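Engineer: This is target03.cif, which holds mmCIF, C-alpha atoms:
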data_run
#
loop_
_atom_site.group_PDB
_atom_site.id
_atom_site.type_symbol
_atom_site.label_atom_id
_atom_site.label_comp_id
_atom_site.auth_asym_id
_atom_site.auth_seq_id
_atom_site.Cartn_x
_atom_site.Cartn_y
_atom_site.Cartn_z
ATOM 1 C CA ALA A 1 108.477 152.365 83.211
ATOM 2 C CA GLN A 2 105.233 150.655 84.022
ATOM 3 C CA SER A 3 103.933 148.881 87.093
ATOM 4 C CA VAL A 4 100.743 147.330 88.405
ATOM 5 C CA THR A 5 99.458 147.031 91.942
ATOM 6 C CA GLN A 6 96.623 144.679 92.760
ATOM 7 C CA LEU A 7 95.149 145.438 96.152
ATOM 8 C CA GLY A 8 94.413 142.273 98.062
ATOM 9 C CA SER A 9 96.094 138.980 97.316
ATOM 10 C CA HIS A 10 92.926 137.144 98.341
ATOM 11 C CA VAL A 11 89.311 138.268 98.108
ATOM 12 C CA SER A 12 86.403 136.226 99.381
ATOM 13 C CA VAL A 13 82.763 136.892 98.450
ATOM 14 C CA SER A 14 79.466 135.117 98.900
ATOM 15 C CA GLU A 15 77.705 133.632 95.922
ATOM 16 C CA GLY A 16 75.482 136.316 94.411
ATOM 17 C CA ALA A 17 77.461 139.190 95.927
ATOM 18 C CA LEU A 18 79.311 141.911 94.062
ATOM 19 C CA VAL A 19 82.840 141.104 92.959
ATOM 20 C CA LEU A 20 85.339 143.978 93.058
ATOM 21 C CA LEU A 21 89.014 143.349 92.301
ATOM 22 C CA ARG A 22 91.237 146.401 92.456
ATOM 23 C CA CYS A 23 94.029 147.321 90.074
ATOM 24 C CA ASN A 24 96.097 150.491 89.997
ATOM 25 C CA TYR A 25 98.755 151.105 87.406
ATOM 26 C CA SER A 26 101.623 153.418 86.694
ATOM 27 C CA SER A 27 102.593 154.249 83.134
ATOM 28 C CA SER A 28 104.574 157.020 81.474
ATOM 29 C CA VAL A 29 102.765 156.407 78.175
ATOM 30 C CA PRO A 30 99.083 155.910 77.354
ATOM 31 C CA PRO A 31 98.337 152.510 78.820
ATOM 32 C CA TYR A 32 96.804 149.400 77.399
ATOM 33 C CA LEU A 33 95.177 147.521 80.271
ATOM 34 C CA PHE A 34 94.204 143.877 80.564
ATOM 35 C CA TRP A 35 92.530 141.515 82.984
ATOM 36 C CA TYR A 36 93.330 137.837 82.704
ATOM 37 C CA VAL A 37 91.861 134.907 84.629
ATOM 38 C CA GLN A 38 93.605 131.675 85.555
ATOM 39 C CA TYR A 39 91.628 128.620 86.608
ATOM 40 C CA PRO A 40 93.446 125.913 88.584
ATOM 41 C CA ASN A 41 96.143 124.115 86.613
ATOM 42 C CA GLN A 42 95.519 126.161 83.499
ATOM 43 C CA GLY A 43 97.160 129.009 81.638
ATOM 44 C CA LEU A 44 95.847 132.557 81.590
ATOM 45 C CA GLN A 45 92.936 133.585 79.428
ATOM 46 C CA LEU A 46 91.831 137.086 78.542
ATOM 47 C CA LEU A 47 88.808 138.473 80.394
ATOM 48 C CA LEU A 48 88.817 141.945 78.884
ATOM 49 C CA LYS A 49 91.086 144.727 77.705
ATOM 50 C CA TYR A 50 91.151 148.497 77.366
ATOM 51 C CA THR A 51 92.959 150.007 74.407
ATOM 52 C CA THR A 52 91.402 153.342 73.505
ATOM 53 C CA GLY A 53 87.905 154.769 73.330
ATOM 54 C CA ALA A 54 85.126 153.781 75.717
ATOM 55 C CA THR A 55 86.398 153.639 79.268
ATOM 56 C CA LEU A 56 83.899 151.020 80.428
ATOM 57 C CA VAL A 57 84.950 147.695 79.000
ATOM 58 C CA LYS A 58 82.807 144.571 79.023
ATOM 59 C CA GLY A 59 84.379 141.147 79.007
ATOM 60 C CA ILE A 60 83.448 137.517 79.165
ATOM 61 C CA ASN A 61 81.415 135.851 81.921
ATOM 62 C CA GLY A 62 79.675 139.082 82.962
ATOM 63 C CA PHE A 63 82.829 140.920 84.049
ATOM 64 C CA GLU A 64 83.528 144.548 83.290
ATOM 65 C CA ALA A 65 86.190 147.111 84.140
ATOM 66 C CA GLU A 66 86.386 150.873 84.010
ATOM 67 C CA PHE A 67 89.477 152.805 83.020
ATOM 68 C CA LYS A 68 89.833 155.880 85.236
ATOM 69 C CA LYS A 69 92.796 157.917 84.126
ATOM 70 C CA SER A 70 92.549 160.429 86.975
ATOM 71 C CA GLU A 71 92.738 157.605 89.521
ATOM 72 C CA THR A 72 95.139 155.451 87.463
ATOM 73 C CA SER A 73 92.800 152.548 88.119
ATOM 74 C CA PHE A 74 91.247 149.683 86.188
ATOM 75 C CA HIS A 75 89.110 147.823 88.711
ATOM 76 C CA LEU A 76 87.297 144.637 87.720
ATOM 77 C CA THR A 77 83.684 144.103 88.752
ATOM 78 C CA LYS A 78 80.878 141.606 88.387
ATOM 79 C CA PRO A 79 77.427 142.273 89.840
ATOM 80 C CA SER A 80 76.767 138.742 91.065
ATOM 81 C CA ALA A 81 79.443 136.174 91.874
ATOM 82 C CA HIS A 82 79.085 132.582 90.789
ATOM 83 C CA MET A 83 80.914 129.579 92.176
ATOM 84 C CA SER A 84 82.609 129.140 88.804
ATOM 85 C CA ASP A 85 84.276 132.558 89.192
ATOM 86 C CA ALA A 86 86.666 131.159 91.784
ATOM 87 C CA ALA A 87 90.096 131.612 90.187
ATOM 88 C CA GLU A 88 93.145 133.838 90.186
ATOM 89 C CA TYR A 89 92.893 137.172 88.418
ATOM 90 C CA PHE A 90 95.756 139.173 86.987
ATOM 91 C CA CYS A 91 95.814 142.798 85.916
ATOM 92 C CA ALA A 92 98.419 143.832 83.337
ATOM 93 C CA VAL A 93 99.592 147.058 81.708
ATOM 94 C CA GLY A 94 101.451 147.616 78.465
ATOM 95 C CA GLY A 95 102.437 150.399 76.138
ATOM 96 C CA ALA A 96 101.995 150.635 72.382
ATOM 97 C CA GLY A 97 103.944 148.418 70.071
ATOM 98 C CA ASN A 98 105.913 145.439 71.229
ATOM 99 C CA THR A 99 106.785 146.340 74.783
ATOM 100 C CA PRO A 100 106.068 143.370 77.050
ATOM 101 C CA LEU A 101 103.115 143.447 79.415
ATOM 102 C CA VAL A 102 103.764 144.036 83.090
ATOM 103 C CA PHE A 103 101.601 141.866 85.329
ATOM 104 C CA GLY A 104 100.373 142.410 88.851
ATOM 105 C CA LYS A 105 100.918 139.782 91.525
ATOM 106 C CA GLY A 106 97.401 138.450 91.176
ATOM 107 C CA THR A 107 94.273 138.254 93.339
ATOM 108 C CA ARG A 108 92.769 134.931 94.288
ATOM 109 C CA LEU A 109 88.977 135.077 94.339
ATOM 110 C CA SER A 110 87.078 132.633 96.523
ATOM 111 C CA VAL A 111 83.303 132.320 96.257
ATOM 112 C CA ILE A 112 81.452 131.018 99.279
ATOM 113 C CA ALA A 113 78.145 129.193 98.904
ATOM 114 C CA ASP B 1 91.210 129.928 67.889
ATOM 115 C CA VAL B 2 94.792 130.589 68.840
ATOM 116 C CA LYS B 3 96.484 127.573 70.251
ATOM 117 C CA VAL B 4 99.654 127.664 72.317
ATOM 118 C CA THR B 5 100.953 124.295 73.391
ATOM 119 C CA GLN B 6 103.699 123.409 75.822
ATOM 120 C CA SER B 7 105.571 120.142 75.588
ATOM 121 C CA SER B 8 104.914 118.944 79.133
ATOM 122 C CA ARG B 9 102.364 119.722 81.826
ATOM 123 C CA TYR B 10 104.516 118.290 84.613
ATOM 124 C CA LEU B 11 108.240 117.702 84.716
ATOM 125 C CA VAL B 12 110.560 116.377 87.418
ATOM 126 C CA LYS B 13 114.304 116.918 87.018
ATOM 127 C CA ARG B 14 117.389 116.621 89.153
ATOM 128 C CA THR B 15 119.736 119.409 90.147
ATOM 129 C CA GLY B 16 122.345 120.011 87.469
ATOM 130 C CA GLU B 17 120.332 118.538 84.607
ATOM 131 C CA LYS B 18 119.833 120.482 81.391
ATOM 132 C CA VAL B 19 116.123 121.092 80.888
ATOM 133 C CA PHE B 20 114.285 122.025 77.710
ATOM 134 C CA LEU B 21 110.798 123.499 77.777
ATOM 135 C CA GLU B 22 109.153 123.749 74.390
ATOM 136 C CA CYS B 23 106.380 126.065 73.266
ATOM 137 C CA VAL B 24 104.584 126.007 69.930
ATOM 138 C CA GLN B 25 101.932 128.405 68.620
ATOM 139 C CA ASP B 26 99.823 127.911 65.522
ATOM 140 C CA MET B 27 98.740 131.472 64.699
ATOM 141 C CA ASP B 28 101.830 132.804 62.956
ATOM 142 C CA HIS B 29 102.514 135.235 65.796
ATOM 143 C CA GLU B 30 105.762 137.157 65.713
ATOM 144 C CA ASN B 31 106.051 137.703 69.475
ATOM 145 C CA MET B 32 106.646 134.946 71.977
ATOM 146 C CA PHE B 33 107.268 135.123 75.717
ATOM 147 C CA TRP B 34 108.398 132.949 78.614
ATOM 148 C CA TYR B 35 107.235 133.691 82.170
ATOM 149 C CA ARG B 36 107.595 131.959 85.461
ATOM 150 C CA GLN B 37 104.793 132.078 87.998
ATOM 151 C CA ASP B 38 105.375 131.738 91.723
ATOM 152 C CA PRO B 39 102.869 132.187 94.566
ATOM 153 C CA GLY B 40 102.738 135.787 95.744
ATOM 154 C CA LEU B 41 105.044 136.973 92.957
ATOM 155 C CA GLY B 42 102.698 136.837 89.991
ATOM 156 C CA LEU B 43 104.154 136.431 86.503
ATOM 157 C CA ARG B 44 107.740 137.433 85.903
ATOM 158 C CA LEU B 45 109.137 137.736 82.396
ATOM 159 C CA ILE B 46 112.196 135.602 81.684
ATOM 160 C CA TYR B 47 112.820 136.150 77.966
ATOM 161 C CA PHE B 48 110.887 137.248 74.925
ATOM 162 C CA SER B 49 111.351 137.181 71.190
ATOM 163 C CA TYR B 50 110.003 139.454 68.454
ATOM 164 C CA ASP B 51 111.096 137.338 65.541
ATOM 165 C CA VAL B 52 113.001 134.274 64.496
ATOM 166 C CA LYS B 53 116.510 134.187 65.951
ATOM 167 C CA MET B 54 115.813 137.300 68.020
ATOM 168 C CA LYS B 55 115.683 137.335 71.794
ATOM 169 C CA GLU B 56 115.485 139.917 74.530
ATOM 170 C CA LYS B 57 116.095 139.507 78.246
ATOM 171 C CA GLY B 58 113.194 140.022 80.555
ATOM 172 C CA ASP B 59 113.265 140.762 84.260
ATOM 173 C CA ILE B 60 114.787 137.481 85.476
ATOM 174 C CA PRO B 61 116.956 135.912 82.738
ATOM 175 C CA GLU B 62 119.684 134.557 85.030
ATOM 176 C CA GLY B 63 120.045 130.802 84.758
ATOM 177 C CA TYR B 64 117.974 130.598 81.581
ATOM 178 C CA SER B 65 118.545 130.802 77.846
ATOM 179 C CA VAL B 66 116.180 130.611 74.881
ATOM 180 C CA SER B 67 116.139 129.526 71.289
ATOM 181 C CA ARG B 68 113.890 130.567 68.431
ATOM 182 C CA GLU B 69 114.905 128.839 65.232
ATOM 183 C CA LYS B 70 111.397 128.736 63.765
ATOM 184 C CA LYS B 71 108.639 131.295 64.018
ATOM 185 C CA GLU B 72 106.181 128.949 65.700
ATOM 186 C CA ARG B 73 108.553 127.514 68.308
ATOM 187 C CA PHE B 74 110.197 129.145 71.311
ATOM 188 C CA SER B 75 112.297 127.029 73.644
ATOM 189 C CA LEU B 76 113.361 127.802 77.185
ATOM 190 C CA ILE B 77 116.548 126.149 78.382
ATOM 191 C CA LEU B 78 117.728 125.676 81.928
ATOM 192 C CA GLU B 79 121.427 125.025 81.434
ATOM 193 C CA SER B 80 121.926 123.492 84.878
ATOM 194 C CA ALA B 81 118.693 123.177 86.801
ATOM 195 C CA SER B 82 118.637 124.289 90.413
ATOM 196 C CA THR B 83 116.018 123.856 93.116
ATOM 197 C CA ASN B 84 115.155 127.551 93.036
ATOM 198 C CA GLN B 85 113.963 127.058 89.468
ATOM 199 C CA THR B 86 111.092 124.901 90.692
ATOM 200 C CA SER B 87 108.121 126.832 89.390
ATOM 201 C CA MET B 88 105.268 127.041 86.909
ATOM 202 C CA TYR B 89 106.471 128.135 83.471
ATOM 203 C CA LEU B 90 104.070 129.841 81.091
ATOM 204 C CA CYS B 91 104.581 130.530 77.418
ATOM 205 C CA ALA B 92 102.616 133.167 75.501
ATOM 206 C CA SER B 93 102.431 134.573 71.999
ATOM 207 C CA SER B 94 100.981 137.672 70.352
ATOM 208 C CA PRO B 95 100.926 139.268 66.918
ATOM 209 C CA ARG B 96 103.246 142.172 66.185
ATOM 210 C CA THR B 97 101.392 145.401 65.475
ATOM 211 C CA SER B 98 101.735 149.043 66.417
ATOM 212 C CA LYS B 99 99.339 148.477 69.302
ATOM 213 C CA GLN B 100 99.596 146.320 72.418
ATOM 214 C CA GLU B 101 97.944 143.057 71.425
ATOM 215 C CA THR B 102 96.471 140.321 73.558
ATOM 216 C CA GLN B 103 98.901 137.658 74.659
ATOM 217 C CA TYR B 104 97.693 134.088 74.339
ATOM 218 C CA PHE B 105 98.957 131.645 76.923
ATOM 219 C CA GLY B 106 99.742 127.975 76.931
ATOM 220 C CA PRO B 107 98.560 125.683 79.762
ATOM 221 C CA GLY B 108 101.866 125.897 81.615
ATOM 222 C CA THR B 109 104.577 123.453 82.651
ATOM 223 C CA ARG B 110 104.962 122.731 86.336
ATOM 224 C CA LEU B 111 108.650 121.971 86.899
ATOM 225 C CA LEU B 112 109.992 120.356 90.041
ATOM 226 C CA VAL B 113 113.769 120.292 90.496
ATOM 227 C CA LEU B 114 114.972 117.841 93.131
#
Could you express the structure from this file as structure tokens?

Structural biologist:
Amino acid sequence: AQSVTQLGSHVSVSEGALVLLRCNYSSSVPPYLFWYVQYPNQGLQLLLKYTTGATLVKGINGFEAEFKKSETSFHLTKPSAHMSDAAEYFCAVGGAGNTPLVFGKGTRLSVIA
Amino acid sequence: DVKVTQSSRYLVKRTGEKVFLECVQDMDHENMFWYRQDPGLGLRLIYFSYDVKMKEKGDIPEGYSVSREKKERFSLILESASTNQTSMYLCASSPRTSKQETQYFGPGTRLLVL
């Protein structure tokens, strides 16, 4: 069984500040990990994903995440927040093959000018 | 680019009506998924399909059914809509491989049941 916990349903940062969105997962098999972003009234789009190999993954819009197996974490970071980063962010975990992804409950990011 | 389209962005229905939500993808993906999204609950999987005429229950299938007669189209059916089915419905698709592939999402259908 797999599960995802996103710490903090709402995170607020100042423009230009570091963005840190936390994700911890549980998986009985080697995990595939994803971060998706959802802008208002839109579907989800992929920010980045970890499959195998390098544990630091770079995504779109300056975001990156690091897979830490010992901590079962996949936190999302961005060095400097921009107003356009305001959105909802979802972490997801899946196993190999065609098992469905399991999504976290989401974290809403607000960016204050 | 992968494109996943959903038949309606907004839908208003009455309690007891039969509701059809349609999803079409243009990338020849084998896998298709239906989720509902509610505030504070994230995305919950309703049904998914790995191939034409195949379907699997997700975490919350009660009150829903699905149909996949063609590879590109996956329909979600609310047999008798109820107010607790008011929600945002998201469709997604992905290719079938031995790995876990990216799911591509449609824009969503916001359903209000009165």

Engineer: Per residue of chain B within 12 Å of chain A, note the shortest atom pair and the distance in Å to one decimal, counting only C-alpha atoms, and order the rows by chain and increasing residue number, as a tab-separated table.

Structural biologist:
residue	atom	partner	partner_atom	distance
B:Val2	CA	A:Gln45	CA	11.2
B:Lys3	CA	A:Gly43	CA	11.5
B:Val4	CA	A:Gly43	CA	9.7
B:Thr5	CA	A:Gly43	CA	10.2
B:Gln6	CA	A:Gly43	CA	10.4
B:Arg9	CA	A:Asn41	CA	9.0
B:Tyr10	CA	A:Asn41	CA	10.4
B:Glu30	CA	A:Asn98	CA	10.0
B:Asn31	CA	A:Asn98	CA	7.9
B:Met32	CA	A:Pro100	CA	9.9
B:Phe33	CA	A:Pro100	CA	8.4
B:Trp34	CA	A:Pro100	CA	10.8
B:Tyr35	CA	A:Phe103	CA	10.4
B:Arg36	CA	A:Gly43	CA	11.5
B:Gln37	CA	A:Lys105	CA	9.3
B:Asp38	CA	A:Lys105	CA	9.2
B:Pro39	CA	A:Lys105	CA	8.4
B:Gly40	CA	A:Lys105	CA	6.1
B:Leu41	CA	A:Lys105	CA	5.2
B:Gly42	CA	A:Lys105	CA	3.8
B:Leu43	CA	A:Phe103	CA	6.1
B:Arg44	CA	A:Phe103	CA	7.6
B:Leu45	CA	A:Val102	CA	8.3
B:Ile46	CA	A:Pro100	CA	10.9
B:Tyr47	CA	A:Pro100	CA	9.9
B:Phe48	CA	A:Pro100	CA	8.1
B:Ser49	CA	A:Asn98	CA	9.9
B:Tyr50	CA	A:Asn98	CA	7.8
B:Asp51	CA	A:Asn98	CA	11.2
B:Glu56	CA	A:Pro100	CA	10.3
B:Lys57	CA	A:Pro100	CA	10.8
B:Gly58	CA	A:Pro100	CA	8.6
B:Asp59	CA	A:Val102	CA	10.1
B:Met88	CA	A:Asn41	CA	9.6
B:Tyr89	CA	A:Gly43	CA	9.5
B:Leu90	CA	A:Gly43	CA	7.0
B:Cys91	CA	A:Gly43	CA	8.7
B:Ala92	CA	A:Leu44	CA	9.1
B:Ser93	CA	A:Pro100	CA	10.8
B:Ser94	CA	A:Asn98	CA	9.2
B:Pro95	CA	A:Asn98	CA	9.0
B:Arg96	CA	A:Asn98	CA	6.6
B:Thr97	CA	A:Gly97	CA	6.1
B:Ser98	CA	A:Gly97	CA	4.3
B:Lys99	CA	A:Ala96	CA	4.6
B:Gln100	CA	A:Ala96	CA	4.9
B:Glu101	CA	A:Gly97	CA	8.2
B:Thr102	CA	A:Leu46	CA	7.5
B:Gln103	CA	A:Leu46	CA	8.1
B:Tyr104	CA	A:Gln45	CA	7.0
B:Phe105	CA	A:Leu44	CA	5.7
B:Gly106	CA	A:Gly43	CA	5.5
B:Pro107	CA	A:Gly43	CA	4.1
B:Gly108	CA	A:Gly43	CA	5.6
B:Thr109	CA	A:Gly43	CA	9.3
B:Arg110	CA	A:Asn41	CA	8.9

Engineer: Name the residues captured by the PyMOL selection byres ((chain A and resi 59) around 9) when it is applied to the shown file; answer as an mmCIF file with C-alpha atoms, in the coordinates of the input.

Structural biologist:
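This is the output file result-v8.cif:
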data_model
loop_
_atom_site.group_PDB
_atom_site.id
_atom_site.type_symbol
_atom_site.label_atom_id
_atom_site.label_comp_id
_atom_site.auth_asym_id
_atom_site.auth_seq_id
_atom_site.Cartn_x
_atom_site.Cartn_y
_atom_site.Cartn_z
ATOM 1 C CA LEU A 46 91.831 137.086 78.542
ATOM 2 C CA LEU A 47 88.808 138.473 80.394
ATOM 3 C CA LEU A 48 88.817 141.945 78.884
ATOM 4 C CA LYS A 49 91.086 144.727 77.705
ATOM 5 C CA VAL A 57 84.950 147.695 79.000
ATOM 6 C CA LYS A 58 82.807 144.571 79.023
ATOM 7 C CA ILE A 60 83.448 137.517 79.165
ATOM 8 C CA ASN A 61 81.415 135.851 81.921
ATOM 9 C CA GLY A 62 79.675 139.082 82.962
ATOM 10 C CA PHE A 63 82.829 140.920 84.049
ATOM 11 C CA GLU A 64 83.528 144.548 83.290
ATOM 12 C CA ALA A 65 86.190 147.111 84.140
#

Engineer: Separation of CA of Val52 (chain B) and CA of Thr86 (chain B), in Å?

Structural biologist: 27.9 Å

Engineer: Evaluating the PyMOL selection byres ((chain A and resi 78) around 7) on the displayed file yields which residues, as a ChimeraX atom specification?

Structural biologist: /A:18-20,62-64,77,79-81

Engineer: If we count only C-alpha atoms, what is near Val19 (chain B) at a cut-off of 7 Å, once residues fewer than 6 positions away on the same chain are taken out, given as a list in words?

Structural biologist: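 Everything that qualifies: Ile77, Leu78, Glu79 and Ala81 of chain B.
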
Engineer: My list of candidates is A:Ser110, A:Gln2, A:Thr52, A:Ser70. Which is closest to Glu88 (chain A) when distances are computed with all atoms listed in the file?

Structural biologist: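 Using all atoms listed in the file, the shortest distance to Glu88 (chain A) belongs to A:Ser110.
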
Engineer: Which polymer residues have any atom within 8 Å of an atom of Tyr25 (chain A), counting all atoms listed in the file, with same-chain residues fewer than 4 positions away left out, as a short mmCIF file (atom, residue, chain, number, x, y, z; two decimals) with C-alpha atoms, in the coordinates of the input?

Structural biologist:
data_model
loop_
_atom_site.label_atom_id
_atom_site.label_comp_id
_atom_site.auth_asym_id
_atom_site.auth_seq_id
_atom_site.Cartn_x
_atom_site.Cartn_y
_atom_site.Cartn_z
CA GLN A 2 105.23 150.66 84.02
CA SER A 3 103.93 148.88 87.09
CA VAL A 4 100.74 147.33 88.40
CA THR A 5 99.46 147.03 91.94
CA THR A 72 95.14 155.45 87.46
CA SER A 73 92.80 152.55 88.12
CA PHE A 74 91.25 149.68 86.19
CA VAL A 93 99.59 147.06 81.71
#

Engineer: Any chance you could build region 75-98 of chain B out to N, CA, C and O atoms and write it as a PDB file, in the frame of the given file?

Structural biologist:
ATOM      1  N   SER B  75     111.840 127.972  72.623  1.00  0.00           N
ATOM      2  CA  SER B  75     112.297 127.029  73.644  1.00  0.00           C
ATOM      3  C   SER B  75     112.976 127.755  74.794  1.00  0.00           C
ATOM      4  O   SER B  75     113.754 128.693  74.574  1.00  0.00           O
ATOM      5  N   LEU B  76     112.695 127.292  75.975  1.00  0.00           N
ATOM      6  CA  LEU B  76     113.361 127.802  77.185  1.00  0.00           C
ATOM      7  C   LEU B  76     114.297 126.716  77.689  1.00  0.00           C
ATOM      8  O   LEU B  76     113.900 125.555  77.809  1.00  0.00           O
ATOM      9  N   ILE B  77     115.529 127.112  77.977  1.00  0.00           N
ATOM     10  CA  ILE B  77     116.548 126.149  78.382  1.00  0.00           C
ATOM     11  C   ILE B  77     117.085 126.516  79.760  1.00  0.00           C
ATOM     12  O   ILE B  77     117.473 127.668  79.992  1.00  0.00           O
ATOM     13  N   LEU B  78     117.070 125.527  80.629  1.00  0.00           N
ATOM     14  CA  LEU B  78     117.728 125.676  81.928  1.00  0.00           C
ATOM     15  C   LEU B  78     119.040 124.917  81.812  1.00  0.00           C
ATOM     16  O   LEU B  78     119.052 123.684  81.731  1.00  0.00           O
ATOM     17  N   GLU B  79     120.134 125.640  81.724  1.00  0.00           N
ATOM     18  CA  GLU B  79     121.427 125.025  81.434  1.00  0.00           C
ATOM     19  C   GLU B  79     121.844 124.025  82.507  1.00  0.00           C
ATOM     20  O   GLU B  79     122.368 122.968  82.223  1.00  0.00           O
ATOM     21  N   SER B  80     121.588 124.368  83.752  1.00  0.00           N
ATOM     22  CA  SER B  80     121.926 123.492  84.878  1.00  0.00           C
ATOM     23  C   SER B  80     120.873 123.750  85.953  1.00  0.00           C
ATOM     24  O   SER B  80     120.987 124.702  86.726  1.00  0.00           O
ATOM     25  N   ALA B  81     119.851 122.911  85.950  1.00  0.00           N
ATOM     26  CA  ALA B  81     118.693 123.177  86.801  1.00  0.00           C
ATOM     27  C   ALA B  81     119.074 123.243  88.287  1.00  0.00           C
ATOM     28  O   ALA B  81     119.919 122.470  88.763  1.00  0.00           O
ATOM     29  N   SER B  82     118.433 124.170  88.968  1.00  0.00           N
ATOM     30  CA  SER B  82     118.637 124.289  90.413  1.00  0.00           C
ATOM     31  C   SER B  82     117.283 124.278  91.110  1.00  0.00           C
ATOM     32  O   SER B  82     116.241 124.535  90.482  1.00  0.00           O
ATOM     33  N   THR B  83     117.285 123.981  92.397  1.00  0.00           N
ATOM     34  CA  THR B  83     116.018 123.856  93.116  1.00  0.00           C
ATOM     35  C   THR B  83     115.217 125.159  93.115  1.00  0.00           C
ATOM     36  O   THR B  83     113.984 125.123  93.145  1.00  0.00           O
ATOM     37  N   ASN B  84     115.899 126.284  93.045  1.00  0.00           N
ATOM     38  CA  ASN B  84     115.155 127.551  93.036  1.00  0.00           C
ATOM     39  C   ASN B  84     114.512 127.846  91.684  1.00  0.00           C
ATOM     40  O   ASN B  84     113.865 128.887  91.509  1.00  0.00           O
ATOM     41  N   GLN B  85     114.659 126.935  90.738  1.00  0.00           N
ATOM     42  CA  GLN B  85     113.963 127.058  89.468  1.00  0.00           C
ATOM     43  C   GLN B  85     112.691 126.206  89.442  1.00  0.00           C
ATOM     44  O   GLN B  85     112.016 126.126  88.413  1.00  0.00           O
ATOM     45  N   THR B  86     112.382 125.572  90.549  1.00  0.00           N
ATOM     46  CA  THR B  86     111.092 124.901  90.692  1.00  0.00           C
ATOM     47  C   THR B  86     110.002 125.945  90.605  1.00  0.00           C
ATOM     48  O   THR B  86     109.980 126.903  91.380  1.00  0.00           O
ATOM     49  N   SER B  87     109.106 125.783  89.641  1.00  0.00           N
ATOM     50  CA  SER B  87     108.121 126.832  89.390  1.00  0.00           C
ATOM     51  C   SER B  87     107.144 126.362  88.317  1.00  0.00           C
ATOM     52  O   SER B  87     107.285 125.295  87.739  1.00  0.00           O
ATOM     53  N   MET B  88     106.151 127.214  88.052  1.00  0.00           N
ATOM     54  CA  MET B  88     105.268 127.041  86.909  1.00  0.00           C
ATOM     55  C   MET B  88     105.796 127.947  85.802  1.00  0.00           C
ATOM     56  O   MET B  88     106.038 129.136  86.028  1.00  0.00           O
ATOM     57  N   TYR B  89     105.961 127.377  84.616  1.00  0.00           N
ATOM     58  CA  TYR B  89     106.471 128.135  83.471  1.00  0.00           C
ATOM     59  C   TYR B  89     105.364 128.287  82.441  1.00  0.00           C
ATOM     60  O   TYR B  89     104.739 127.302  82.023  1.00  0.00           O
ATOM     61  N   LEU B  90     105.129 129.523  82.039  1.00  0.00           N
ATOM     62  CA  LEU B  90     104.070 129.841  81.091  1.00  0.00           C
ATOM     63  C   LEU B  90     104.654 130.470  79.841  1.00  0.00           C
ATOM     64  O   LEU B  90     105.475 131.376  79.920  1.00  0.00           O
ATOM     65  N   CYS B  91     104.189 129.977  78.705  1.00  0.00           N
ATOM     66  CA  CYS B  91     104.581 130.530  77.418  1.00  0.00           C
ATOM     67  C   CYS B  91     103.399 131.319  76.866  1.00  0.00           C
ATOM     68  O   CYS B  91     102.235 130.969  77.116  1.00  0.00           O
ATOM     69  N   ALA B  92     103.674 132.374  76.119  1.00  0.00           N
ATOM     70  CA  ALA B  92     102.616 133.167  75.501  1.00  0.00           C
ATOM     71  C   ALA B  92     103.077 133.653  74.137  1.00  0.00           C
ATOM     72  O   ALA B  92     104.281 133.724  73.853  1.00  0.00           O
ATOM     73  N   SER B  93     102.106 133.992  73.298  1.00  0.00           N
ATOM     74  CA  SER B  93     102.431 134.573  71.999  1.00  0.00           C
ATOM     75  C   SER B  93     101.449 135.693  71.687  1.00  0.00           C
ATOM     76  O   SER B  93     100.348 135.746  72.245  1.00  0.00           O
ATOM     77  N   SER B  94     101.867 136.591  70.788  1.00  0.00           N
ATOM     78  CA  SER B  94     100.981 137.672  70.352  1.00  0.00           C
ATOM     79  C   SER B  94     101.437 138.140  68.969  1.00  0.00           C
ATOM     80  O   SER B  94     102.614 137.985  68.617  1.00  0.00           O
ATOM     81  N   PRO B  95     100.521 138.725  68.214  1.00  0.00           N
ATOM     82  CA  PRO B  95     100.926 139.268  66.918  1.00  0.00           C
ATOM     83  C   PRO B  95     101.692 140.571  67.106  1.00  0.00           C
ATOM     84  O   PRO B  95     101.558 141.245  68.121  1.00  0.00           O
ATOM     85  N   ARG B  96     102.495 140.917  66.130  1.00  0.00           N
ATOM     86  CA  ARG B  96     103.246 142.172  66.185  1.00  0.00           C
ATOM     87  C   ARG B  96     102.498 143.234  65.394  1.00  0.00           C
ATOM     88  O   ARG B  96     102.305 143.109  64.188  1.00  0.00           O
ATOM     89  N   THR B  97     102.050 144.258  66.110  1.00  0.00           N
ATOM     90  CA  THR B  97     101.392 145.401  65.475  1.00  0.00           C
ATOM     91  C   THR B  97     101.901 146.665  66.146  1.00  0.00           C
ATOM     92  O   THR B  97     102.740 146.591  67.045  1.00  0.00           O
ATOM     93  N   SER B  98     101.333 147.788  65.781  1.00  0.00           N
ATOM     94  CA  SER B  98     101.735 149.043  66.417  1.00  0.00           C
ATOM     95  C   SER B  98     101.050 149.230  67.766  1.00  0.00           C
ATOM     96  O   SER B  98     101.394 150.114  68.530  1.00  0.00           O
TER      97      SER B  98
END
